$ cat query-v9.txt   # compact mmCIF, C-alpha atoms and all ligand atoms
# COMPACT_ATOMS: atom_id res chain seq x y z
CA MET A 1 -47.75 -57.80 12.51
CA ARG A 2 -47.68 -54.57 10.50
CA ALA A 3 -44.52 -53.47 8.74
CA ALA A 4 -43.21 -51.05 6.09
CA TYR A 5 -41.57 -53.20 3.44
CA ILE A 6 -40.58 -53.42 -0.22
CA GLU A 7 -40.83 -56.24 -2.74
CA ARG A 8 -38.37 -54.68 -5.19
CA LEU A 9 -35.89 -51.80 -5.27
CA GLY A 10 -37.18 -48.46 -6.55
CA SER A 11 -38.62 -45.05 -5.72
CA PRO A 12 -40.44 -44.35 -2.43
CA ASP A 13 -43.61 -45.61 -4.20
CA VAL A 14 -42.40 -49.23 -3.82
CA ILE A 15 -42.81 -49.00 -0.01
CA ARG A 16 -45.86 -50.95 1.18
CA TYR A 17 -47.45 -50.97 4.64
CA GLY A 18 -49.21 -54.16 5.67
CA ASP A 19 -49.05 -57.54 7.40
CA GLN A 20 -45.85 -59.53 7.46
CA PRO A 21 -45.07 -62.73 9.42
CA THR A 22 -43.78 -62.13 12.97
CA PRO A 23 -40.06 -62.99 12.96
CA GLU A 24 -38.79 -65.88 15.12
CA PRO A 25 -35.74 -65.20 17.31
CA GLY A 26 -32.87 -67.69 17.02
CA PRO A 27 -30.82 -68.77 20.08
CA THR A 28 -28.69 -65.59 20.13
CA ASP A 29 -31.46 -63.20 19.05
CA VAL A 30 -33.86 -60.91 20.86
CA LEU A 31 -37.45 -60.24 19.79
CA VAL A 32 -38.21 -56.54 20.28
CA ASP A 33 -41.56 -54.71 20.37
CA VAL A 34 -40.65 -51.64 18.36
CA ARG A 35 -41.52 -48.20 19.69
CA ALA A 36 -39.79 -45.88 17.21
CA VAL A 37 -37.81 -46.11 13.96
CA SER A 38 -35.75 -43.30 12.47
CA VAL A 39 -35.47 -42.47 8.77
CA ASN A 40 -31.93 -42.00 7.47
CA HIS A 41 -30.41 -41.11 4.12
CA VAL A 42 -28.93 -44.60 4.00
CA ASP A 43 -32.43 -46.14 4.21
CA THR A 44 -33.27 -44.38 0.95
CA PHE A 45 -30.00 -45.66 -0.62
CA VAL A 46 -30.88 -49.26 0.38
CA ARG A 47 -34.49 -48.92 -0.87
CA SER A 48 -33.46 -47.43 -4.23
CA GLY A 49 -30.40 -49.62 -4.75
CA ALA A 50 -28.06 -46.58 -4.87
CA TRP A 51 -26.08 -48.53 -2.28
CA ARG A 52 -26.17 -52.30 -2.80
CA THR A 53 -26.36 -54.66 0.15
CA PRO A 54 -27.60 -58.26 0.39
CA LEU A 55 -31.34 -58.36 1.13
CA THR A 56 -34.28 -60.71 0.62
CA PHE A 57 -37.81 -59.74 -0.44
CA PRO A 58 -40.20 -58.92 1.07
CA PHE A 59 -37.69 -56.66 2.82
CA VAL A 60 -38.65 -54.63 5.88
CA ILE A 61 -36.97 -51.22 5.56
CA GLY A 62 -35.21 -49.19 8.26
CA ARG A 63 -32.04 -49.44 10.28
CA ASP A 64 -32.55 -47.97 13.77
CA LEU A 65 -35.10 -48.67 16.46
CA THR A 66 -35.94 -48.23 20.08
CA GLY A 67 -38.30 -50.60 21.82
CA THR A 68 -38.90 -53.14 24.56
CA VAL A 69 -37.67 -56.72 24.75
CA ALA A 70 -40.57 -59.13 24.10
CA ALA A 71 -38.66 -62.44 24.24
CA VAL A 72 -35.07 -63.69 24.20
CA GLY A 73 -33.42 -66.70 22.54
CA ALA A 74 -32.20 -69.58 24.73
CA GLY A 75 -28.59 -68.35 24.63
CA VAL A 76 -29.34 -64.73 25.58
CA HIS A 77 -28.63 -63.76 29.19
CA ARG A 78 -27.96 -60.00 28.90
CA PHE A 79 -31.58 -58.97 28.34
CA ARG A 80 -34.97 -59.85 29.80
CA PRO A 81 -38.50 -59.20 28.61
CA GLY A 82 -39.45 -55.63 29.48
CA ASP A 83 -35.94 -54.15 29.07
CA ARG A 84 -35.86 -50.90 27.06
CA VAL A 85 -33.38 -51.22 24.19
CA TRP A 86 -32.07 -49.73 20.97
CA CYS A 87 -30.30 -50.90 17.83
CA ASN A 88 -28.77 -49.14 14.83
CA SER A 89 -27.72 -51.89 12.45
CA LEU A 90 -30.75 -53.67 11.00
CA GLY A 91 -31.90 -53.46 7.38
CA HIS A 92 -28.69 -54.29 5.54
CA ASP A 93 -26.17 -57.07 5.02
CA GLY A 94 -28.87 -59.77 5.02
CA ARG A 95 -30.71 -58.52 8.11
CA GLN A 96 -34.37 -57.50 7.85
CA GLY A 97 -35.14 -53.90 8.82
CA ALA A 98 -36.57 -52.07 11.81
CA ALA A 99 -39.81 -50.57 10.45
CA ALA A 100 -42.18 -53.17 11.88
CA GLU A 101 -44.20 -53.81 15.03
CA GLN A 102 -41.79 -56.57 16.05
CA VAL A 103 -38.24 -57.30 14.92
CA VAL A 104 -35.50 -59.78 15.66
CA VAL A 105 -32.14 -58.27 16.68
CA PRO A 106 -28.90 -60.27 17.11
CA VAL A 107 -27.95 -59.80 20.77
CA ASP A 108 -24.54 -58.29 19.96
CA ARG A 109 -26.32 -55.48 18.07
CA LEU A 110 -28.69 -54.53 20.89
CA TYR A 111 -28.03 -51.89 23.59
CA ARG A 112 -29.84 -50.83 26.70
CA LEU A 113 -31.65 -47.46 26.63
CA PRO A 114 -30.32 -45.26 29.45
CA GLU A 115 -32.78 -44.73 32.27
CA GLY A 116 -35.13 -41.87 31.49
CA ALA A 117 -33.96 -41.61 27.86
CA ASP A 118 -36.71 -40.63 25.46
CA PRO A 119 -37.19 -43.40 22.84
CA TYR A 120 -38.02 -40.91 20.05
CA GLU A 121 -35.00 -38.71 20.74
CA THR A 122 -32.63 -41.64 21.18
CA VAL A 123 -33.68 -43.33 17.96
CA ALA A 124 -33.03 -40.03 16.15
CA LEU A 125 -29.44 -40.10 17.43
CA ALA A 126 -28.75 -43.78 16.86
CA HIS A 127 -27.37 -43.51 13.32
CA PRO A 128 -25.84 -40.00 13.18
CA ALA A 129 -24.21 -40.16 16.61
CA ALA A 130 -22.70 -43.60 15.96
CA THR A 131 -21.42 -42.24 12.63
CA ALA A 132 -19.89 -39.29 14.45
CA TYR A 133 -18.19 -41.57 16.99
CA LEU A 134 -16.71 -43.78 14.26
CA GLY A 135 -15.56 -40.75 12.26
CA LEU A 136 -13.90 -39.03 15.21
CA PHE A 137 -12.41 -41.94 17.12
CA THR A 138 -12.37 -45.25 15.23
CA HIS A 139 -11.18 -43.70 11.95
CA GLY A 140 -10.10 -40.15 12.88
CA ARG A 141 -8.10 -41.18 15.99
CA LEU A 142 -9.01 -37.93 17.77
CA ARG A 143 -6.97 -37.10 20.87
CA SER A 144 -7.70 -34.56 23.58
CA GLY A 145 -6.38 -31.10 22.70
CA GLU A 146 -6.56 -31.61 18.94
CA THR A 147 -8.32 -29.17 16.62
CA VAL A 148 -11.32 -30.51 14.71
CA VAL A 149 -13.05 -28.81 11.79
CA VAL A 150 -16.67 -29.90 11.36
CA VAL A 151 -18.36 -28.80 8.13
CA GLY A 152 -22.15 -29.10 8.21
CA ALA A 153 -21.98 -28.76 11.98
CA ALA A 154 -25.67 -28.08 12.60
CA GLY A 155 -26.97 -31.24 10.90
CA ASN A 156 -27.70 -34.61 12.46
CA VAL A 157 -24.20 -36.02 11.99
CA GLY A 158 -22.46 -32.65 12.28
CA SER A 159 -24.03 -31.73 15.63
CA ALA A 160 -23.09 -35.13 17.07
CA LEU A 161 -19.54 -34.57 15.78
CA VAL A 162 -19.40 -31.24 17.61
CA VAL A 163 -20.78 -32.63 20.90
CA MET A 164 -18.52 -35.69 20.89
CA ALA A 165 -15.36 -33.88 19.79
CA ALA A 166 -15.87 -31.21 22.47
CA ALA A 167 -16.61 -33.84 25.14
CA ALA A 168 -13.33 -35.58 24.22
CA GLY A 169 -11.34 -32.38 24.77
CA GLY A 170 -11.12 -31.35 21.13
CA ARG A 171 -11.13 -27.72 20.02
CA VAL A 172 -14.00 -27.49 17.57
CA ILE A 173 -14.29 -25.18 14.56
CA ALA A 174 -17.81 -25.48 13.20
CA VAL A 175 -18.78 -24.47 9.67
CA ALA A 176 -22.53 -23.93 9.48
CA SER A 177 -25.24 -21.55 8.36
CA GLU A 178 -25.18 -18.22 10.20
CA ARG A 179 -28.66 -18.92 11.60
CA ASP A 180 -27.20 -22.03 13.31
CA ALA A 181 -24.21 -20.24 14.90
CA GLU A 182 -25.78 -19.90 18.33
CA TYR A 183 -26.88 -23.52 18.30
CA CYS A 184 -23.36 -24.71 17.37
CA ARG A 185 -21.81 -22.66 20.19
CA GLY A 186 -24.37 -24.06 22.59
CA ILE A 187 -23.38 -27.65 21.83
CA GLY A 188 -19.65 -27.04 22.25
CA ALA A 189 -18.13 -25.33 19.18
CA ASP A 190 -15.27 -22.96 20.03
CA HIS A 191 -15.55 -21.08 16.72
CA VAL A 192 -18.41 -20.94 14.24
CA ILE A 193 -17.86 -19.90 10.63
CA ASP A 194 -20.74 -19.06 8.30
CA TYR A 195 -20.57 -21.39 5.32
CA ARG A 196 -21.71 -18.51 3.08
CA ASP A 197 -18.71 -16.37 4.09
CA PRO A 198 -16.70 -15.61 0.90
CA ASP A 199 -13.48 -16.67 2.66
CA VAL A 200 -14.28 -19.79 4.72
CA PRO A 201 -10.71 -21.20 4.37
CA GLY A 202 -9.23 -17.89 5.57
CA ARG A 203 -11.53 -17.92 8.59
CA ILE A 204 -10.60 -21.49 9.46
CA ARG A 205 -6.91 -20.66 9.11
CA ALA A 206 -7.34 -17.68 11.45
CA ALA A 207 -9.03 -19.92 14.03
CA ALA A 208 -6.43 -22.68 13.67
CA PRO A 209 -3.11 -21.07 12.67
CA ALA A 210 -1.18 -24.30 13.37
CA GLY A 211 -3.59 -26.27 11.21
CA ALA A 212 -6.44 -28.68 11.93
CA ASP A 213 -5.72 -32.20 13.14
CA LEU A 214 -9.01 -33.59 11.94
CA TYR A 215 -11.38 -32.38 9.21
CA LEU A 216 -14.82 -33.89 8.71
CA ASP A 217 -17.43 -32.70 6.23
CA ALA A 218 -20.96 -33.89 6.95
CA SER A 219 -22.37 -31.62 4.23
CA GLY A 220 -20.72 -33.74 1.53
CA MET A 221 -19.12 -30.75 -0.22
CA ASN A 222 -15.69 -32.40 0.13
CA ASP A 223 -13.57 -29.48 -1.03
CA LEU A 224 -10.29 -31.36 -0.64
CA GLU A 225 -8.35 -28.75 -2.60
CA THR A 226 -8.97 -26.42 0.34
CA ALA A 227 -9.14 -28.95 3.16
CA VAL A 228 -5.67 -30.47 2.61
CA ASP A 229 -4.09 -27.04 2.94
CA LEU A 230 -5.89 -26.42 6.22
CA LEU A 231 -4.46 -29.51 7.90
CA ALA A 232 -1.57 -29.63 10.34
CA GLY A 233 1.19 -32.16 9.63
CA ARG A 234 -0.26 -35.67 10.16
CA GLY A 235 -3.73 -34.15 9.94
CA ARG A 236 -6.56 -36.43 8.83
CA ILE A 237 -9.52 -35.77 6.55
CA VAL A 238 -12.31 -38.24 7.21
CA LEU A 239 -14.79 -38.55 4.33
CA LEU A 240 -18.27 -39.71 5.23
CA ALA A 241 -20.78 -37.97 2.95
CA GLY A 242 -21.17 -36.83 -0.66
CA LEU A 243 -21.77 -40.11 -2.49
CA ARG A 244 -21.38 -38.48 -5.90
CA SER A 245 -18.74 -35.79 -5.23
CA ARG A 246 -15.55 -36.00 -7.32
CA PRO A 247 -13.15 -33.52 -5.72
CA GLU A 248 -9.59 -32.75 -6.82
CA LEU A 249 -6.91 -33.91 -4.43
CA PRO A 250 -3.64 -31.92 -4.11
CA VAL A 251 -1.33 -34.91 -3.75
CA GLY A 252 2.00 -33.17 -3.04
CA PRO A 253 0.77 -31.07 -0.10
CA LEU A 254 -0.91 -34.21 1.24
CA TYR A 255 1.94 -36.71 1.38
CA LEU A 256 4.80 -34.28 1.89
CA ARG A 257 3.36 -33.48 5.33
CA ASP A 258 2.16 -36.98 6.27
CA ARG A 259 -1.47 -35.93 5.92
CA SER A 260 -4.10 -38.47 5.02
CA VAL A 261 -7.59 -38.84 3.60
CA LEU A 262 -9.72 -41.77 4.61
CA GLY A 263 -13.33 -42.70 4.23
CA PHE A 264 -15.77 -44.95 6.00
CA ALA A 265 -19.38 -46.07 5.99
CA ILE A 266 -21.03 -47.11 9.24
CA SER A 267 -22.49 -50.11 7.42
CA HIS A 268 -19.09 -51.80 7.57
CA ALA A 269 -18.54 -51.22 11.29
CA THR A 270 -18.15 -54.44 13.26
CA PRO A 271 -20.58 -55.27 16.09
CA GLY A 272 -17.71 -54.49 18.50
CA GLU A 273 -17.11 -51.06 16.98
CA LEU A 274 -20.83 -50.28 17.03
CA ALA A 275 -21.10 -51.41 20.66
CA GLU A 276 -18.21 -49.11 21.62
CA ALA A 277 -19.98 -46.22 19.87
CA ALA A 278 -23.24 -47.15 21.63
CA SER A 279 -21.58 -46.98 25.06
CA ALA A 280 -20.28 -43.50 24.30
CA ILE A 281 -23.71 -42.42 23.03
CA ASN A 282 -25.45 -43.83 26.11
CA ARG A 283 -23.09 -41.89 28.40
CA LEU A 284 -23.77 -38.62 26.57
CA VAL A 285 -27.53 -39.26 26.38
CA ALA A 286 -27.62 -40.09 30.09
CA ASP A 287 -25.80 -36.88 31.08
CA GLY A 288 -28.00 -34.82 28.75
CA SER A 289 -25.24 -33.47 26.51
CA LEU A 290 -26.32 -35.33 23.36
CA ARG A 291 -29.79 -34.54 22.09
CA PRO A 292 -31.23 -34.40 18.58
CA ARG A 293 -31.87 -30.94 17.17
CA ALA A 294 -35.38 -31.68 16.02
CA VAL A 295 -37.60 -34.74 15.81
CA GLU A 296 -40.78 -34.97 13.74
CA ARG A 297 -42.98 -37.96 14.40
CA LEU A 298 -44.91 -39.72 11.65
CA HIS A 299 -46.96 -42.91 11.70
CA LEU A 300 -45.20 -46.11 10.59
CA SER A 301 -47.62 -46.25 7.65
CA ASP A 302 -46.15 -42.93 6.40
CA ALA A 303 -42.74 -44.46 5.64
CA ALA A 304 -43.03 -43.78 1.88
CA GLU A 305 -43.85 -40.13 2.54
CA ALA A 306 -40.89 -39.89 4.93
CA HIS A 307 -38.50 -41.27 2.27
CA ARG A 308 -39.94 -38.86 -0.32
CA ARG A 309 -39.42 -35.85 1.93
CA LEU A 310 -35.88 -36.86 2.85
CA GLU A 311 -34.94 -37.33 -0.81
CA GLU A 312 -36.40 -33.94 -1.69
CA GLY A 313 -34.10 -32.34 0.90
CA LYS A 314 -37.13 -31.11 2.85
CA VAL A 315 -36.18 -32.44 6.28
CA ARG A 316 -34.36 -30.55 9.02
CA GLY A 317 -33.57 -32.83 11.94
CA LYS A 318 -34.96 -36.37 11.93
CA LEU A 319 -38.19 -38.01 10.90
CA VAL A 320 -39.16 -40.76 13.32
CA LEU A 321 -41.81 -43.37 12.56
CA SER A 322 -43.95 -44.95 15.25
CA ARG A 323 -47.28 -46.67 15.66
CA ASP A 324 -48.43 -44.17 18.27
CA ALA A 325 -48.04 -41.11 16.02
CA LYS A 326 -51.16 -40.01 14.13
CA GLY A 327 -51.36 -41.58 10.64
N1 LIG B 401 -20.52 -42.47 6.13
C1 LIG B 401 -21.52 -42.85 6.88
O1 LIG B 401 -21.49 -43.93 7.47
C2 LIG B 401 -22.71 -41.96 7.06
C3 LIG B 401 -23.62 -42.20 8.10
C4 LIG B 401 -24.67 -41.29 8.30
C5 LIG B 401 -24.86 -40.23 7.42
N2 LIG B 401 -23.99 -40.08 6.37
C6 LIG B 401 -24.15 -38.96 5.43
O2 LIG B 401 -23.94 -37.77 6.16
C7 LIG B 401 -24.59 -36.71 5.48
C8 LIG B 401 -25.25 -35.81 6.49
O3 LIG B 401 -26.39 -36.42 7.04
P1 LIG B 401 -27.27 -35.59 8.08
O4 LIG B 401 -28.39 -36.46 8.47
O5 LIG B 401 -26.40 -35.00 9.12
O6 LIG B 401 -27.81 -34.41 7.13
P2 LIG B 401 -28.36 -32.99 7.57
O7 LIG B 401 -28.95 -33.07 8.94
O8 LIG B 401 -29.19 -32.51 6.43
O9 LIG B 401 -27.04 -32.09 7.70
C9 LIG B 401 -26.37 -31.51 6.64
C10 LIG B 401 -25.91 -30.14 7.11
O10 LIG B 401 -25.02 -29.59 6.12
C11 LIG B 401 -25.28 -28.21 6.04
N3 LIG B 401 -24.77 -27.66 4.79
C12 LIG B 401 -25.36 -27.60 3.59
N4 LIG B 401 -24.53 -27.00 2.69
C13 LIG B 401 -23.42 -26.68 3.36
C14 LIG B 401 -22.21 -26.04 2.99
N5 LIG B 401 -21.99 -25.59 1.76
N6 LIG B 401 -21.25 -25.89 3.93
C15 LIG B 401 -21.45 -26.32 5.19
N7 LIG B 401 -22.58 -26.92 5.61
C16 LIG B 401 -23.55 -27.09 4.70
C17 LIG B 401 -26.78 -28.12 6.17
O11 LIG B 401 -27.14 -26.81 6.52
P3 LIG B 401 -28.47 -26.11 5.93
O12 LIG B 401 -29.58 -26.67 6.77
O13 LIG B 401 -28.21 -24.68 6.13
O14 LIG B 401 -28.58 -26.51 4.47
C18 LIG B 401 -27.04 -29.14 7.28
O15 LIG B 401 -26.95 -28.56 8.56
C19 LIG B 401 -25.53 -37.37 4.46
O16 LIG B 401 -24.94 -37.22 3.19
C20 LIG B 401 -25.54 -38.82 4.86
O17 LIG B 401 -25.77 -39.68 3.78
C21 LIG B 401 -22.93 -40.90 6.19
$ encode --input "query-v9.txt" --output "structure tokens" --more "lines below"
Ligand SMILES: NC(=O)c1ccc[n+]([C@@H]2O[C@H](COP(=O)([O-])OP(=O)(O)OC[C@H]3O[C@@H](n4cnc5c(N)ncnc54)[C@H](OP(=O)(O)O)[C@@H]3O)[C@@H](O)[C@H]2O)c1
Amino acid sequence: MRAAYIERLGSPDVIRYGDQPTPEPGPTDVLVDVRAVSVNHVDTFVRSGAWRTPLTFPFVIGRDLTGTVAAVGAGVHRFRPGDRVWCNSLGHDGRQGAAAEQVVVPVDRLYRLPEGADPYETVALAHPAATAYLGLFTHGRLRSGETVVVVGAAGNVGSALVVMAAAAGGRVIAVASERDAEYCRGIGADHVIDYRDPDVPGRIRAAAPAGADLYLDASGMNDLETAVDLLAGRGRIVLLAGLRSRPELPVGPLYLRDRSVLGFAISHATPGELAEAASAINRLVADGSLRPRAVERLHLSDAAEAHRRLEEGKVRGKLVLSRDAKG
């Protein structure tokens, strides 16, 4: 079977496209015919070694997929050949990746695609929307009626944060480019603030005079000096982007009002936490409220080019690899 794989860590040039042995499912695994694979920032971190995770070479790259069940292990009863499925946790922690014609997925990491869901759109949501769910609920402990600031609200993660926070009864203040204001309102933001405004903190304060309960920054700017001051008592800042940012933290204003800063990476989420996120995503995909902003399809053999473009900051929306796109 054909796959995009690497034999050592390095630049996008180390990605090869060619034949690899078809994987064998174990008793609690599912063999999936892959339809589509998304390309995420984290895939570039794994490939380059910027983020270290156990892997064996040759290593098939990629984390998320949609596809169809080809065969199930003897202990698998939840799926049958022909079922449409998705997964968002291959390609790290010792598991081979998703960018192949066939992959093996542990059954507790596989979810059913909602009826009618588009496999290219759903794969584009798999990573950012699960990240948004974990940030808002697992780590951010969002409750209905709370005020949520989302910085980078028009991006892949940011837009999922807006949709999910609004669906949970949150009041959403989105910080995004002015050209994305209409889009952010359309997906559920109550207020939109242009990130180029000279007084973004003042605008957030005006929209949330009692302070924000939750503050998430998907742009990775992580201006904690400002963010801490914008929080209500017991407000939470959830850090999820900006691998190399080194912000200053105003400690007094943080602990004197029981505020907190916490961080997370989806890569450490348990199968149970990911499954909970997947159920929420499936509900929102099924009712049409969660959709990716933009999807560009490339052939699986263009994986190196996809990584290059993502690293150059030249992608808006998601690149999705598939065998049925033109190569
Ligand atoms: N912790 C985790 O588990 C986890 C999981 C997934 C992703 N991530 C990280 O999340 C980040 C976002 O990923 P993504 O796919 O959502 O990227 P993305 O689609 O490129 O979104 C980033 C957004 O930030 C906006 N932005 C840029 N500068 C800004 C500023 N100064 N203020 C406010 N917004 C600004 C961009 O707007 P413009 O288009 O106008 O530039 C864009 O809409 C990445 O760093 C990724 O590594 C972390």
$ closest_residue --input "query-v9.txt" --among "A:Asp33, A:Gly18, A:Thr66, A:Thr44" --to "Arg309 of chain A" --atoms "only C-alpha atoms"
A:Thr44
$ closest_residue --input "query-v9.txt" --among "A:Ser245, A:Thr22, A:Thr28, A:Gln102" --to "ligand LIG 401 (chain B)" --atoms "all atoms listed in the file"
A:Ser245
$ residues_near_ligand --input "query-v9.txt" --ligand "ligand LIG 401 (chain B)" --cutoff "8 Å" --atoms "all atoms listed in the file" --output "PyMOL selection string"
chain A and resi 40-42+127-128+131-132+151-159+175-177+179-180+194-196+217-221+239-243+263-267+313+315-318
$ closest_residue --input "query-v9.txt" --among "A:Met1, A:Leu134, A:Ala208, A:Val39" --to "Thr270 of chain A" --atoms "all atoms listed in the file"
A:Leu134
$ atom_distance --input "query-v9.txt" --atom1 "atom CA of Asp108 of chain A" --atom2 "atom CA of Val46 of chain A"
22.5 Å
$ residues_near_point --input "query-v9.txt" --point "(-23.6, -54.0, 23.2)" --cutoff "8 Å" --atoms "only C-alpha atoms" --output "short mmCIF file (atom, residue, chain, number, x, y, z; two decimals) with C-alpha atoms, keeping the file's coordinate frame"
data_model
loop_
_atom_site.label_atom_id
_atom_site.label_comp_id
_atom_site.auth_asym_id
_atom_site.auth_seq_id
_atom_site.Cartn_x
_atom_site.Cartn_y
_atom_site.Cartn_z
CA VAL A 107 -27.95 -59.80 20.77
CA ASP A 108 -24.54 -58.29 19.96
CA ARG A 109 -26.32 -55.48 18.07
CA LEU A 110 -28.69 -54.53 20.89
CA TYR A 111 -28.03 -51.89 23.59
CA ARG A 112 -29.84 -50.83 26.70
CA PRO A 271 -20.58 -55.27 16.09
CA GLY A 272 -17.71 -54.49 18.50
CA LEU A 274 -20.83 -50.28 17.03
CA ALA A 275 -21.10 -51.41 20.66
CA GLU A 276 -18.21 -49.11 21.62
CA ALA A 278 -23.24 -47.15 21.63
CA SER A 279 -21.58 -46.98 25.06
#
$ residues_around --input "query-v9.txt" --residues "Val162 of chain A" --least-positions-apart "5" --cutoff "10 Å" --atoms "only C-alpha atoms" --output "list in words"
Ala132, Leu136, Val148, Val149, Val150, Val151, Ala153, Ala154, Val157, Ala167, Ala168, Gly170, Arg171, Val172, Ile173, Ala174, Cys184, Arg185, Ile187, Gly188, Ala189, Asp190 and Leu290 of chain A
$ decode --input "query-v9.txt" --residues "segment 181-188 of chain A" --atoms "all heavy atoms" --output "compact mmCIF listing (two decimals), in the first residue's frame"
# COMPACT_ATOMS: atom_id res chain seq x y z
N ALA A 181 -14.63 39.46 10.85
CA ALA A 181 -15.63 39.82 11.86
C ALA A 181 -16.99 39.19 11.55
O ALA A 181 -17.63 38.59 12.42
CB ALA A 181 -15.74 41.33 11.98
N GLU A 182 -17.40 39.31 10.31
CA GLU A 182 -18.71 38.78 9.92
C GLU A 182 -18.77 37.27 10.12
O GLU A 182 -19.75 36.71 10.63
CB GLU A 182 -18.92 39.12 8.44
CG GLU A 182 -20.30 39.58 8.04
CD GLU A 182 -21.12 40.24 9.13
OE1 GLU A 182 -20.72 41.33 9.59
OE2 GLU A 182 -22.16 39.66 9.53
N TYR A 183 -17.69 36.62 9.71
CA TYR A 183 -17.60 35.16 9.87
C TYR A 183 -17.73 34.79 11.36
O TYR A 183 -18.49 33.87 11.71
CB TYR A 183 -16.27 34.66 9.30
CG TYR A 183 -15.96 33.22 9.65
CD1 TYR A 183 -16.68 32.19 9.06
CD2 TYR A 183 -14.98 32.91 10.59
CE1 TYR A 183 -16.42 30.86 9.40
CE2 TYR A 183 -14.71 31.59 10.93
CZ TYR A 183 -15.43 30.57 10.33
OH TYR A 183 -15.18 29.27 10.67
N CYS A 184 -17.01 35.49 12.22
CA CYS A 184 -17.03 35.16 13.66
C CYS A 184 -18.44 35.35 14.23
O CYS A 184 -18.92 34.53 15.02
CB CYS A 184 -16.02 36.01 14.43
SG CYS A 184 -14.31 35.56 14.06
N ARG A 185 -19.10 36.43 13.82
CA ARG A 185 -20.49 36.64 14.29
C ARG A 185 -21.38 35.50 13.81
O ARG A 185 -22.21 34.98 14.55
CB ARG A 185 -21.03 37.97 13.77
CG ARG A 185 -20.66 39.11 14.68
CD ARG A 185 -21.35 40.42 14.32
NE ARG A 185 -20.45 41.49 14.72
CZ ARG A 185 -19.62 42.14 13.90
NH1 ARG A 185 -19.64 41.89 12.60
NH2 ARG A 185 -18.79 43.04 14.35
N GLY A 186 -21.17 35.10 12.58
CA GLY A 186 -21.99 34.04 11.98
C GLY A 186 -21.87 32.71 12.69
O GLY A 186 -22.79 31.89 12.66
N ILE A 187 -20.72 32.45 13.32
CA ILE A 187 -20.56 31.16 14.00
C ILE A 187 -20.84 31.27 15.50
O ILE A 187 -20.66 30.31 16.23
CB ILE A 187 -19.16 30.54 13.75
CG1 ILE A 187 -18.03 31.48 14.22
CG2 ILE A 187 -19.00 30.16 12.29
CD1 ILE A 187 -16.65 30.82 14.17
N GLY A 188 -21.28 32.45 15.97
CA GLY A 188 -21.75 32.50 17.35
C GLY A 188 -21.10 33.52 18.27
O GLY A 188 -21.46 33.60 19.45
